[in-house]
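Participant: If it helps, the file is called data.cif and holds mmCIF, C-alpha atoms:
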data_run
loop_
_atom_site.label_atom_id
_atom_site.label_comp_id
_atom_site.auth_asym_id
_atom_site.auth_seq_id
_atom_site.Cartn_x
_atom_site.Cartn_y
_atom_site.Cartn_z
CA MET Q 1 -3.83 -11.42 -22.42
CA GLY Q 2 -6.10 -13.43 -20.14
CA GLU Q 3 -9.85 -12.99 -20.43
CA PHE Q 4 -11.60 -11.41 -17.46
CA THR Q 5 -13.38 -13.92 -15.24
CA LEU Q 6 -14.83 -13.92 -11.77
CA GLU Q 7 -13.62 -17.46 -11.18
CA LEU Q 8 -10.07 -17.98 -9.93
CA ASN Q 9 -8.18 -20.71 -11.74
CA ASP Q 10 -6.67 -23.71 -9.96
CA ASP Q 11 -3.22 -22.12 -9.62
CA GLN Q 12 -4.70 -18.95 -8.14
CA LYS Q 13 -6.83 -20.93 -5.69
CA GLN Q 14 -3.76 -22.86 -4.59
CA VAL Q 15 -1.84 -19.63 -3.93
CA ARG Q 16 -4.85 -18.12 -2.16
CA ASP Q 17 -5.19 -21.12 0.13
CA TRP Q 18 -1.44 -21.12 0.83
CA LEU Q 19 -1.54 -17.44 1.80
CA HIS Q 20 -4.67 -17.96 3.86
CA GLY Q 21 -2.95 -20.71 5.80
CA PHE Q 22 0.03 -18.48 6.58
CA ALA Q 23 -2.29 -15.64 7.60
CA ALA Q 24 -4.34 -17.91 9.86
CA ASP Q 25 -1.52 -19.95 11.40
CA VAL Q 26 1.34 -17.43 11.66
CA MET Q 27 -0.02 -13.88 11.46
CA ARG Q 28 -3.24 -14.01 13.45
CA PRO Q 29 -1.81 -15.65 16.59
CA ALA Q 30 0.86 -12.94 16.73
CA ALA Q 31 -1.30 -9.95 15.74
CA ALA Q 32 -2.25 -8.69 19.20
CA GLU Q 33 1.33 -8.99 20.51
CA TRP Q 34 2.93 -6.94 17.72
CA ASP Q 35 0.11 -4.39 17.83
CA GLU Q 36 0.91 -3.82 21.51
CA ARG Q 37 4.67 -3.79 20.94
CA GLU Q 38 4.41 -1.31 18.04
CA GLU Q 39 7.53 -2.81 16.50
CA THR Q 40 8.42 -4.30 13.13
CA PRO Q 41 7.69 -8.05 13.36
CA TRP Q 42 11.02 -9.19 11.97
CA PRO Q 43 10.52 -12.87 12.98
CA ILE Q 44 7.28 -13.06 11.00
CA ILE Q 45 8.79 -11.31 7.98
CA GLN Q 46 11.57 -13.89 8.14
CA GLU Q 47 9.03 -16.72 8.30
CA ALA Q 48 7.34 -15.23 5.25
CA ALA Q 49 10.72 -15.07 3.50
CA LYS Q 50 11.54 -18.69 4.34
CA ILE Q 51 8.45 -20.02 2.58
CA GLY Q 52 8.72 -17.56 -0.32
CA ILE Q 53 5.98 -15.05 0.47
CA TYR Q 54 8.38 -12.21 1.25
CA SER Q 55 10.41 -12.30 -1.93
CA LEU Q 56 10.80 -10.57 -5.26
CA ASP Q 57 9.93 -13.77 -7.10
CA PHE Q 58 6.58 -14.16 -5.35
CA TYR Q 59 5.45 -10.61 -6.02
CA ALA Q 60 6.72 -10.76 -9.59
CA GLN Q 61 4.64 -13.88 -10.18
CA GLN Q 62 1.54 -12.18 -8.82
CA PHE Q 63 2.28 -8.92 -10.64
CA PHE Q 64 2.58 -10.71 -13.98
CA ASP Q 65 -0.53 -12.84 -13.49
CA PRO Q 66 -2.23 -12.38 -16.90
CA THR Q 67 -5.66 -11.97 -15.28
CA GLY Q 68 -4.45 -9.11 -13.07
CA LEU Q 69 -5.91 -10.79 -9.99
CA GLY Q 70 -2.70 -12.11 -8.43
CA ILE Q 71 -1.80 -8.99 -6.43
CA PRO Q 72 -5.31 -8.15 -5.13
CA MET Q 73 -5.89 -11.78 -4.17
CA ALA Q 74 -2.60 -11.87 -2.24
CA MET Q 75 -3.26 -8.52 -0.53
CA GLU Q 76 -6.73 -9.55 0.57
CA GLU Q 77 -5.55 -12.77 2.20
CA LEU Q 78 -2.58 -11.22 4.00
CA PHE Q 79 -4.59 -8.28 5.31
CA TRP Q 80 -7.32 -10.69 6.36
CA GLY Q 81 -4.63 -12.10 8.64
CA ASP Q 82 -3.62 -8.77 10.20
CA ALA Q 83 -3.22 -5.34 8.66
CA GLY Q 84 -0.20 -4.20 10.70
CA ILE Q 85 1.86 -7.34 10.14
CA ALA Q 86 0.74 -7.54 6.52
CA LEU Q 87 1.88 -3.97 5.85
CA SER Q 88 5.28 -4.87 7.28
CA ILE Q 89 5.40 -7.76 4.81
CA VAL Q 90 4.16 -5.88 1.74
CA GLY Q 91 5.37 -2.33 2.53
CA THR Q 92 8.57 -2.91 0.58
CA GLY Q 93 6.39 -3.42 -2.47
CA LEU Q 94 5.54 0.29 -2.72
CA ALA Q 95 9.23 1.13 -3.08
CA ALA Q 96 9.59 -1.70 -5.60
CA VAL Q 97 6.64 -0.32 -7.60
CA GLY Q 98 8.35 3.08 -7.54
CA VAL Q 99 11.37 1.53 -9.24
CA LEU Q 100 9.27 -0.55 -11.65
CA ALA Q 101 7.22 2.50 -12.65
CA ASN Q 102 10.15 4.87 -13.21
CA GLY Q 103 13.40 2.89 -13.46
CA THR Q 104 15.38 1.28 -16.24
CA GLU Q 105 15.72 -2.49 -16.59
CA GLU Q 106 19.22 -2.27 -15.16
CA GLN Q 107 18.01 -0.28 -12.15
CA ILE Q 108 15.18 -2.72 -11.55
CA GLY Q 109 17.57 -5.66 -11.66
CA THR Q 110 20.09 -3.95 -9.39
CA TRP Q 111 17.94 -2.43 -6.66
CA VAL Q 112 14.74 -4.41 -6.25
CA PRO Q 113 16.52 -7.58 -5.05
CA GLN Q 114 18.38 -5.50 -2.45
CA MET Q 115 15.06 -4.31 -1.09
CA TYR Q 116 14.15 -7.82 0.07
CA GLY Q 117 17.44 -9.47 1.00
CA ASP Q 118 17.03 -13.22 1.54
CA ALA Q 119 15.52 -15.65 4.02
CA ASN Q 120 18.63 -15.56 6.21
CA ASP Q 121 19.02 -11.78 6.15
CA VAL Q 122 15.73 -10.07 5.36
CA LYS Q 123 15.72 -6.41 4.34
CA VAL Q 124 12.97 -3.84 3.81
CA ALA Q 125 12.63 -0.80 1.58
CA ALA Q 126 10.88 2.57 1.92
CA PHE Q 127 9.10 4.84 -0.55
CA CYS Q 128 9.49 8.47 0.58
CA SER Q 129 7.13 10.97 -1.00
CA SER Q 130 5.02 12.79 1.63
CA GLU Q 131 6.44 15.75 3.53
CA PRO Q 132 5.28 17.76 6.57
CA ASP Q 133 3.79 20.40 4.24
CA ALA Q 134 3.19 18.21 1.18
CA GLY Q 135 0.94 15.19 1.62
CA SER Q 136 -1.92 15.16 -0.86
CA ASP Q 137 -0.54 18.39 -2.36
CA VAL Q 138 2.54 16.92 -4.04
CA ALA Q 139 3.14 20.21 -5.84
CA SER Q 140 4.21 21.70 -2.48
CA MET Q 141 7.11 19.28 -2.10
CA ARG Q 142 10.32 20.96 -0.86
CA THR Q 143 12.92 18.19 -0.81
CA ARG Q 144 15.47 19.23 -3.42
CA ALA Q 145 17.77 17.23 -5.63
CA VAL Q 146 20.60 19.23 -7.22
CA TYR Q 147 22.98 17.76 -9.77
CA ASP Q 148 26.68 18.31 -9.08
CA GLU Q 149 28.29 18.46 -12.52
CA ALA Q 150 31.80 18.20 -11.10
CA THR Q 151 31.25 14.85 -9.39
CA GLY Q 152 28.33 13.46 -11.39
CA GLU Q 153 26.35 13.12 -8.15
CA TRP Q 154 22.90 14.21 -7.02
CA VAL Q 155 22.68 16.03 -3.68
CA LEU Q 156 19.43 15.59 -1.74
CA ASN Q 157 18.19 17.78 1.11
CA GLY Q 158 14.83 17.74 2.87
CA THR Q 159 12.55 15.85 5.24
CA LYS Q 160 10.11 13.12 4.32
CA THR Q 161 7.30 11.93 6.56
CA TRP Q 162 4.84 9.04 6.88
CA ALA Q 163 7.39 6.72 5.30
CA THR Q 164 6.64 3.04 5.83
CA ASN Q 165 9.97 1.47 6.86
CA GLY Q 166 11.53 4.94 6.84
CA GLY Q 167 14.97 4.96 8.40
CA ILE Q 168 15.14 1.18 8.91
CA ALA Q 169 15.08 0.38 5.20
CA ASN Q 170 18.01 -1.03 3.29
CA VAL Q 171 17.01 0.98 0.21
CA HIS Q 172 15.05 4.24 0.19
CA VAL Q 173 13.25 5.53 -2.91
CA VAL Q 174 12.97 9.31 -2.55
CA VAL Q 175 10.85 11.67 -4.64
CA ALA Q 176 12.47 15.11 -4.87
CA VAL Q 177 12.16 18.41 -6.72
CA VAL Q 178 14.64 18.99 -9.54
CA ASP Q 179 12.91 22.01 -11.11
CA PRO Q 180 10.75 24.02 -8.65
CA GLU Q 181 9.24 26.18 -11.42
CA LEU Q 182 7.47 23.16 -12.94
CA GLY Q 183 5.55 22.21 -9.80
CA SER Q 184 4.73 18.50 -9.63
CA LYS Q 185 6.06 18.01 -13.17
CA GLY Q 186 9.53 18.97 -11.91
CA HIS Q 187 9.84 15.94 -9.64
CA ALA Q 188 12.01 12.86 -10.03
CA SER Q 189 12.63 9.66 -8.07
CA PHE Q 190 16.01 8.62 -6.66
CA ILE Q 191 17.50 5.51 -5.11
CA VAL Q 192 19.37 6.12 -1.87
CA PRO Q 193 21.64 3.07 -1.47
CA PRO Q 194 22.25 1.32 1.87
CA ASN Q 195 24.37 3.16 4.44
CA THR Q 196 24.49 6.41 2.49
CA PRO Q 197 25.80 9.24 4.72
CA GLY Q 198 23.34 12.02 5.49
CA LEU Q 199 20.18 9.91 5.58
CA SER Q 200 18.73 9.35 9.06
CA GLN Q 201 15.50 8.43 10.74
CA GLY Q 202 13.58 11.28 12.31
CA GLN Q 203 10.49 10.90 14.45
CA LYS Q 204 8.95 7.44 14.66
CA PHE Q 205 5.16 7.83 14.80
CA GLN Q 206 2.99 6.26 17.49
CA LYS Q 207 -0.10 5.37 15.48
CA HIS Q 208 -3.80 4.68 16.03
CA GLY Q 209 -3.67 1.51 13.95
CA ILE Q 210 -1.37 -0.70 11.80
CA ARG Q 211 0.98 -0.42 14.75
CA ALA Q 212 3.14 -3.40 13.76
CA SER Q 213 4.22 -1.41 10.70
CA HIS Q 214 7.10 1.04 11.19
CA THR Q 215 6.25 4.61 10.12
CA ALA Q 216 8.75 7.45 10.50
CA GLU Q 217 10.28 10.62 9.15
CA VAL Q 218 13.34 10.40 6.92
CA VAL Q 219 15.82 13.26 7.13
CA LEU Q 220 18.12 13.98 4.18
CA GLU Q 221 21.11 16.23 4.87
CA ASP Q 222 23.49 16.71 1.94
CA VAL Q 223 22.87 13.13 0.85
CA ARG Q 224 25.14 12.44 -2.12
CA ILE Q 225 24.19 9.62 -4.47
CA PRO Q 226 25.74 8.55 -7.79
CA GLY Q 227 24.18 9.83 -10.98
CA HIS Q 228 22.95 6.36 -11.91
CA CYS Q 229 20.66 6.42 -8.87
CA LEU Q 230 18.26 8.76 -10.66
CA LEU Q 231 15.43 6.47 -11.73
CA GLY Q 232 15.07 6.46 -15.49
CA GLY Q 233 18.40 8.22 -16.04
CA LYS Q 234 19.36 11.85 -16.58
CA GLU Q 235 18.83 11.86 -20.33
CA LYS Q 236 15.23 10.78 -19.92
CA LEU Q 237 14.72 13.31 -17.12
CA ASP Q 238 16.14 16.16 -19.18
CA GLU Q 239 13.85 15.27 -22.08
CA ARG Q 240 10.81 15.12 -19.80
CA LEU Q 241 11.64 18.47 -18.17
CA ALA Q 242 12.18 20.08 -21.56
CA ARG Q 243 8.74 18.92 -22.71
CA ALA Q 244 7.17 20.19 -19.49
CA ARG Q 245 8.82 23.61 -19.91
CA GLU Q 246 7.68 23.81 -23.51
CA LYS Q 247 4.12 22.90 -22.58
CA ALA Q 248 4.19 25.46 -19.76
CA ARG Q 249 5.27 28.17 -22.20
CA ALA Q 250 2.53 27.09 -24.59
CA GLY Q 251 -0.04 27.30 -21.81
CA GLY Q 252 -0.89 23.64 -21.29
CA GLY Q 253 -0.88 20.60 -23.52
CA GLU Q 254 -0.47 16.90 -22.92
CA ARG Q 255 -0.12 15.43 -19.48
CA VAL Q 256 3.45 14.94 -18.26
CA LYS Q 257 4.12 11.96 -16.00
CA ASN Q 258 4.81 12.68 -12.32
CA ALA Q 259 7.13 10.31 -10.46
CA ALA Q 260 5.09 9.96 -7.27
CA MET Q 261 1.74 9.80 -9.05
CA ALA Q 262 2.97 7.00 -11.32
CA THR Q 263 3.63 4.93 -8.22
CA PHE Q 264 0.29 5.70 -6.56
CA GLU Q 265 -1.70 5.06 -9.75
CA ALA Q 266 -0.19 1.58 -9.95
CA SER Q 267 -0.83 0.73 -6.30
CA ARG Q 268 -4.35 2.06 -5.61
CA PRO Q 269 -6.26 -1.13 -6.50
CA ALA Q 270 -3.84 -3.08 -4.28
CA VAL Q 271 -4.68 -0.76 -1.37
CA GLY Q 272 -8.34 -1.40 -2.10
CA ALA Q 273 -7.65 -5.13 -1.80
CA MET Q 274 -5.98 -4.56 1.57
CA ALA Q 275 -9.13 -2.81 2.77
CA VAL Q 276 -11.29 -5.67 1.49
CA GLY Q 277 -9.18 -8.12 3.49
CA THR Q 278 -9.61 -6.16 6.73
CA ALA Q 279 -13.34 -5.70 6.14
CA ARG Q 280 -13.81 -9.40 5.40
CA ALA Q 281 -11.95 -10.36 8.56
CA ALA Q 282 -14.18 -8.16 10.74
CA TYR Q 283 -17.32 -9.38 8.99
CA GLU Q 284 -16.41 -13.02 9.60
CA VAL Q 285 -15.80 -12.38 13.32
CA ALA Q 286 -19.15 -10.58 13.58
CA LEU Q 287 -20.96 -13.32 11.67
CA ASP Q 288 -19.55 -16.10 13.87
CA TYR Q 289 -20.38 -14.09 17.00
CA ALA Q 290 -23.95 -13.43 15.86
CA ARG Q 291 -24.51 -17.13 15.21
CA THR Q 292 -23.34 -18.17 18.68
CA ARG Q 293 -24.28 -15.24 20.93
CA VAL Q 294 -27.63 -15.99 22.55
CA GLN Q 295 -29.82 -13.22 23.93
CA PHE Q 296 -33.48 -13.48 24.92
CA GLY Q 297 -33.38 -17.19 24.16
CA ARG Q 298 -32.08 -17.14 20.57
CA PRO Q 299 -28.94 -16.33 18.58
CA ILE Q 300 -28.75 -12.60 17.85
CA ILE Q 301 -28.47 -13.26 14.10
CA GLU Q 302 -32.18 -14.13 14.22
CA ASN Q 303 -32.89 -10.49 15.01
CA GLN Q 304 -33.44 -8.39 11.88
CA GLY Q 305 -31.46 -5.52 13.34
CA VAL Q 306 -28.36 -7.69 13.37
CA ALA Q 307 -29.10 -9.86 10.33
CA PHE Q 308 -29.70 -6.85 8.07
CA GLN Q 309 -26.41 -5.27 9.18
CA LEU Q 310 -24.59 -8.47 8.25
CA ALA Q 311 -26.40 -8.59 4.91
CA ASP Q 312 -25.25 -5.05 4.12
CA MET Q 313 -21.70 -5.87 5.24
CA ALA Q 314 -21.51 -8.93 2.98
CA THR Q 315 -22.90 -7.00 0.01
CA GLN Q 316 -20.53 -4.07 0.45
CA ILE Q 317 -17.48 -6.34 0.74
CA ASP Q 318 -18.39 -8.18 -2.45
CA ALA Q 319 -19.00 -4.90 -4.29
CA ALA Q 320 -15.65 -3.53 -3.12
CA ARG Q 321 -13.84 -6.67 -4.24
CA LEU Q 322 -15.46 -6.47 -7.69
CA LEU Q 323 -14.31 -2.86 -8.12
CA VAL Q 324 -10.78 -3.84 -7.09
CA TRP Q 325 -10.72 -6.82 -9.44
CA ARG Q 326 -12.03 -4.73 -12.34
CA ALA Q 327 -9.38 -2.06 -11.85
CA SER Q 328 -6.64 -4.68 -11.47
CA TRP Q 329 -7.75 -6.47 -14.63
CA MET Q 330 -7.94 -3.18 -16.55
CA ALA Q 331 -4.40 -2.24 -15.50
CA THR Q 332 -3.03 -5.60 -16.60
CA ALA Q 333 -4.98 -5.50 -19.87
CA GLY Q 334 -3.60 -2.04 -20.62
CA LYS Q 335 -7.03 -0.43 -20.54
CA PRO Q 336 -6.90 3.22 -19.45
CA PHE Q 337 -8.71 4.37 -16.31
CA THR Q 338 -10.92 6.78 -18.25
CA ALA Q 339 -13.31 7.12 -15.30
CA ALA Q 340 -10.57 6.82 -12.65
CA GLU Q 341 -11.49 3.19 -11.99
CA GLY Q 342 -8.36 2.70 -9.90
CA SER Q 343 -9.37 5.54 -7.60
CA MET Q 344 -12.94 4.24 -7.52
CA SER Q 345 -11.76 0.88 -6.22
CA LYS Q 346 -9.55 2.41 -3.55
CA LEU Q 347 -12.19 4.92 -2.47
CA TYR Q 348 -15.05 2.46 -2.11
CA ALA Q 349 -13.07 -0.36 -0.53
CA SER Q 350 -11.51 2.04 1.99
CA GLU Q 351 -14.86 3.44 3.06
CA VAL Q 352 -16.33 -0.07 3.27
CA ALA Q 353 -13.51 -1.17 5.57
CA LYS Q 354 -14.24 1.67 7.99
CA THR Q 355 -17.99 1.04 7.90
CA VAL Q 356 -17.84 -2.75 8.21
CA THR Q 357 -15.33 -2.76 11.08
CA ALA Q 358 -17.47 -0.24 12.97
CA GLN Q 359 -20.55 -2.39 12.40
CA ALA Q 360 -18.65 -5.43 13.63
CA ILE Q 361 -17.93 -3.67 16.93
CA GLN Q 362 -21.60 -2.76 17.23
CA ILE Q 363 -22.70 -6.36 16.68
CA LEU Q 364 -20.29 -7.60 19.35
CA GLY Q 365 -21.45 -4.86 21.70
CA GLY Q 366 -19.29 -4.35 24.76
CA ASN Q 367 -17.10 -7.30 23.77
CA GLY Q 368 -16.31 -5.59 20.48
CA TYR Q 369 -14.98 -2.58 22.35
CA THR Q 370 -12.38 -4.66 24.19
CA ARG Q 371 -9.05 -6.00 23.01
CA GLU Q 372 -10.17 -9.51 23.88
CA TYR Q 373 -11.80 -9.56 20.45
CA PRO Q 374 -9.92 -8.55 17.27
CA VAL Q 375 -12.56 -6.25 15.77
CA GLU Q 376 -11.37 -3.39 17.96
CA ARG Q 377 -7.91 -3.65 16.39
CA MET Q 378 -9.38 -4.13 12.91
CA HIS Q 379 -11.40 -0.95 13.29
CA ARG Q 380 -8.28 1.01 14.28
CA ASP Q 381 -6.38 -0.51 11.36
CA ALA Q 382 -9.15 0.29 8.86
CA ALA Q 383 -8.90 4.03 9.52
CA ILE Q 384 -5.68 4.26 7.51
CA TYR Q 385 -7.19 3.15 4.21
CA THR Q 386 -9.10 6.40 3.73
CA ILE Q 387 -5.92 8.37 4.42
CA PHE Q 388 -2.76 6.88 2.93
CA GLU Q 389 -1.85 6.75 -0.76
CA GLY Q 390 -4.45 9.41 -1.45
CA THR Q 391 -7.23 10.33 0.98
CA SER Q 392 -10.84 9.58 0.12
CA GLU Q 393 -11.26 13.28 -0.65
CA ILE Q 394 -8.39 13.12 -3.15
CA GLN Q 395 -9.89 10.01 -4.75
CA ARG Q 396 -13.19 11.83 -5.17
CA MET Q 397 -11.38 14.75 -6.76
CA VAL Q 398 -9.60 12.43 -9.20
CA ILE Q 399 -12.85 10.67 -10.08
CA SER Q 400 -14.81 13.91 -10.51
CA ARG Q 401 -12.17 15.33 -12.83
CA ALA Q 402 -12.16 12.13 -14.89
CA ILE Q 403 -15.93 11.99 -15.35
CA ALA Q 404 -16.16 15.74 -16.07
CA LYS Q 405 -14.03 15.49 -19.21
#
As a first step, turn the structure in this file into structure tokens.
Facilitator:
Amino acid sequence: MGEFTLELNDDQKQVRDWLHGFAADVMRPAAAEWDEREETPWPIIQEAAKIGIYSLDFYAQQFFDPTGLGIPMAMEELFWGDAGIALSIVGTGLAAVGVLANGTEEQIGTWVPQMYGDANDVKVAAFCSSEPDAGSDVASMRTRAVYDEATGEWVLNGTKTWATNGGIANVHVVVAVVDPELGSKGHASFIVPPNTPGLSQGQKFQKHGIRASHTAEVVLEDVRIPGHCLLGGKEKLDERLARAREKARAGGGERVKNAAMATFEASRPAVGAMAVGTARAAYEVALDYARTRVQFGRPIIENQGVAFQLADMATQIDAARLLVWRASWMATAGKPFTAAEGSMSKLYASEVAKTVTAQAIQILGGNGYTREYPVERMHRDAAIYTIFEGTSEIQRMVISRAIAK
């Protein structure tokens, strides 16, 4: 296990600079166009695939970085480029994490490669958990999965919402209820293979920000999938449900793993890194503007009102990055989040992104409010970080429960 350090090694710096170059040269010049089009930027995903950024191998290398800093470093650089395009590039990763967190080795080897395709035929994947009446409250989930003993198939019915790549994905990972009486402990995750009858795209959402990322409902109508598409397998599920029922009868007991929460727990520091990338991008635009914008005979950065804002922005971004790196290192080192450090990193970085992008607009003044400058788009993009994969209010609840023990 690598020792924690605040200094990236030579290999990590090389990867960081490589990603930064792609973000600067390919993503940024196209960001405004795809934001306006509100479409998945397939040509840019393909460019990322051609050079190895959009691939299972790349994310595996970063995931297994012994320092734990590979994923947050990659997320920060890509989201520095553009949040909407970056989410289109990394959105498949949430579905992949869902399989890695809950699946068998055989399932991981079978399905994760199909989520990405190859450089000549890129694919995307979708993780489907939220529902119209079950966002933060996963216990209210209604999508049902019923096992058909006669055919050995699972039958899924329900509607998922807010699914990144929903409906356009090659592979969908769907969280569904198998035992309603157990609440969130009665959930399981399923693979819906490509071209499975009964799965369709519902409403595609017109969003405030991250508009280059496809977000839609996924409708499941008598979707039949083979038994081996249950992540982890039926034997493991039956054992887990039996333990949950026993604990329920006993009035409590040890925590039983929830399929959706296992995915979110693993991904929260990465979301924090995304927020850091967006915040850093807006800060750099504001800093450059303040150095060159002359008012009353001097650059505006010489005014304390502006300089102090930039000082706060720089400090907050560094603090957010340190929280993200700590949580990422802890996860890799196998250290438990006893104080909900993963949620801390996501909470703080998300709030910083909203604050810093708003301050950037203020520093640019009227120019910041126009689409001629990117901070307007960055501010719209930043709003999502305090909402998806657990709102800031949910993060505070998780943290407060952890520190109250």
Participant: Under the PyMOL selection byres ((chain Q and resi 375-391) around 8), which residues of this model are included? Write them out as a VMD selection string.
Facilitator: chain Q and resid 82 to 84 136 208 to 210 264 268 271 to 272 275 278 to 279 282 285 347 350 to 351 353 to 354 357 to 358 360 to 361 368 to 371 373 to 374 392 to 395
Participant: Taking the file above as input, evaluate the PyMOL selection byres ((chain Q and resi 161-173) around 9) and report the hits as a ChimeraX atom specification.
Facilitator: /Q:40,87-88,91-92,95-96,98-99,111-112,114-117,123-132,135,159-160,174-175,189-195,199-205,213-219,388
Participant: As an exercise, work out the distance from CA of Asp25 in chain Q to CA of Ile301 in chain Q in Å and give it to one decimal place.
Facilitator: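 Calculated distance between CA of Asp25 in chain Q and CA of Ile301 in chain Q is 27.9 Å.
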Participant: What are the closest atom pairs, with distances in Å to one decimal, for each residue of range 23-136 of chain Q lying within 8 Å of range 320-330 of chain Q, using all atoms listed in the file, rows by chain and rising residue number, as JSON lines?
Facilitator:
{"residue": "Q:Thr67", "atom": "CA", "partner": "Q:Trp329", "partner_atom": "CA", "distance": 5.9}
{"residue": "Q:Gly68", "atom": "CA", "partner": "Q:Trp329", "partner_atom": "CA", "distance": 4.5}
{"residue": "Q:Leu69", "atom": "CA", "partner": "Q:Trp325", "partner_atom": "CA", "distance": 6.3}
{"residue": "Q:Pro72", "atom": "CA", "partner": "Q:Trp325", "partner_atom": "CA", "distance": 7.0}
Participant: When the PyMOL selection byres ((chain Q and resi 188) around 10) is applied to the structure above, which residues does it catch, written out as an MDAnalysis selection string?
Facilitator: chainID Q and resid 102 144:145 174:179 184:187 189:190 230:234 237 241 257:260
Participant: Smallest atom-to-atom distance to Glu246 in chain Q: which of Q:Leu182, Q:Ala48, Q:Ala349, Q:Gly103, using all atoms listed in the file?
Facilitator: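 When distances to Glu246 in chain Q are compared using all atoms listed in the file, the smallest one comes from Q:Leu182.
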Participant: May I ask for the distance between CA of Met141 in chain Q and CA of Glu235 in chain Q, given in Å to one decimal place?
Facilitator: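 Between CA of Met141 in chain Q and CA of Glu235 in chain Q the gap works out to 22.9 Å.
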Participant: Between CA of Trp34 in chain Q and CA of Ala119 in chain Q, what is the distance in Å, rounded to a tenth?
Facilitator: 20.5 Å
Participant: Using only C-alpha atoms, can you tell me which of Q:Val15, Q:Cys229, Q:Met344, Q:Met274 comes closest to Asp65 in chain Q?
Facilitator: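 Closest residue, counting only C-alpha atoms: Q:Val15.
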Participant: Please write out, as lines of an AutoDock Vina configuration file, where the centre of an axis-aligned box around all listed atoms of range 10-21 of chain Q lies and how long its edges are, in Å to one decimal, after adding 5 Å on each side.
Facilitator:
center_x = -4.1
center_y = -20.6
center_z = -2.1
size_x = 15.4
size_y = 16.3
size_z = 25.8
Participant: Restricting the calculation to all atoms listed in the file, which member of Q:Leu220, Q:Glu153, Q:Lys236, Q:Ala248 is positioned closest to Gly183 in chain Q?
Facilitator: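 Looking only at the distances to Gly183 in chain Q, the closest residue turns out to be Q:Ala248.
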Participant: Between Q:Ser345, Q:Asp288, Q:Pro113, Q:Ala307, which residue has the minimum interatomic distance to Asp57 in chain Q, considering all atoms listed in the file?
Facilitator: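 Looking only at the distances to Asp57 in chain Q, the closest residue turns out to be Q:Pro113.
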Participant: Under the rule that all atoms listed in the file are counted, which of Q:Ala30, Q:Val122, Q:Leu364, Q:Ala49 is the nearest residue to Arg291 in chain Q?
Facilitator: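 Checking each of Q:Ala30, Q:Val122, Q:Leu364, Q:Ala49 against Arg291 in chain Q, counting all atoms listed in the file, the winner is Q:Leu364.
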Participant: Find, counting all atoms listed in the file, the residue in Q:Glu341, Q:Thr332, Q:Gln206, Q:Ala290 that gets nearest to Asn303 in chain Q.
Facilitator: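 Answer, going by the shortest atom-to-atom distance: Q:Ala290.
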Participant: Can you tell me which residues surround Ile71 in chain Q at a distance of at most 8 Å, considering all atoms listed in the file, apart from same-chain residues fewer than 6 positions away, and format the answer as a short mmCIF file (atom, residue, chain, number, x, y, z; two decimals) with C-alpha atoms, keeping the file's coordinate frame?
Facilitator:
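Result saved to selection_21.cif:
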data_model
loop_
_atom_site.label_atom_id
_atom_site.label_comp_id
_atom_site.auth_asym_id
_atom_site.auth_seq_id
_atom_site.Cartn_x
_atom_site.Cartn_y
_atom_site.Cartn_z
CA TYR Q 59 5.45 -10.61 -6.02
CA GLN Q 62 1.54 -12.18 -8.82
CA PHE Q 63 2.28 -8.92 -10.64
CA ALA Q 270 -3.84 -3.08 -4.28
#
Participant: Within 12 Å of (25.7, 17.6, -12.3) (coordinates as in the file), grab all the protein and nucleic acid residues, counting all atoms listed in the file, and write them out as a PyMOL selection string.
Facilitator: chain Q and resi 145-155+178+224-228+230+234+238
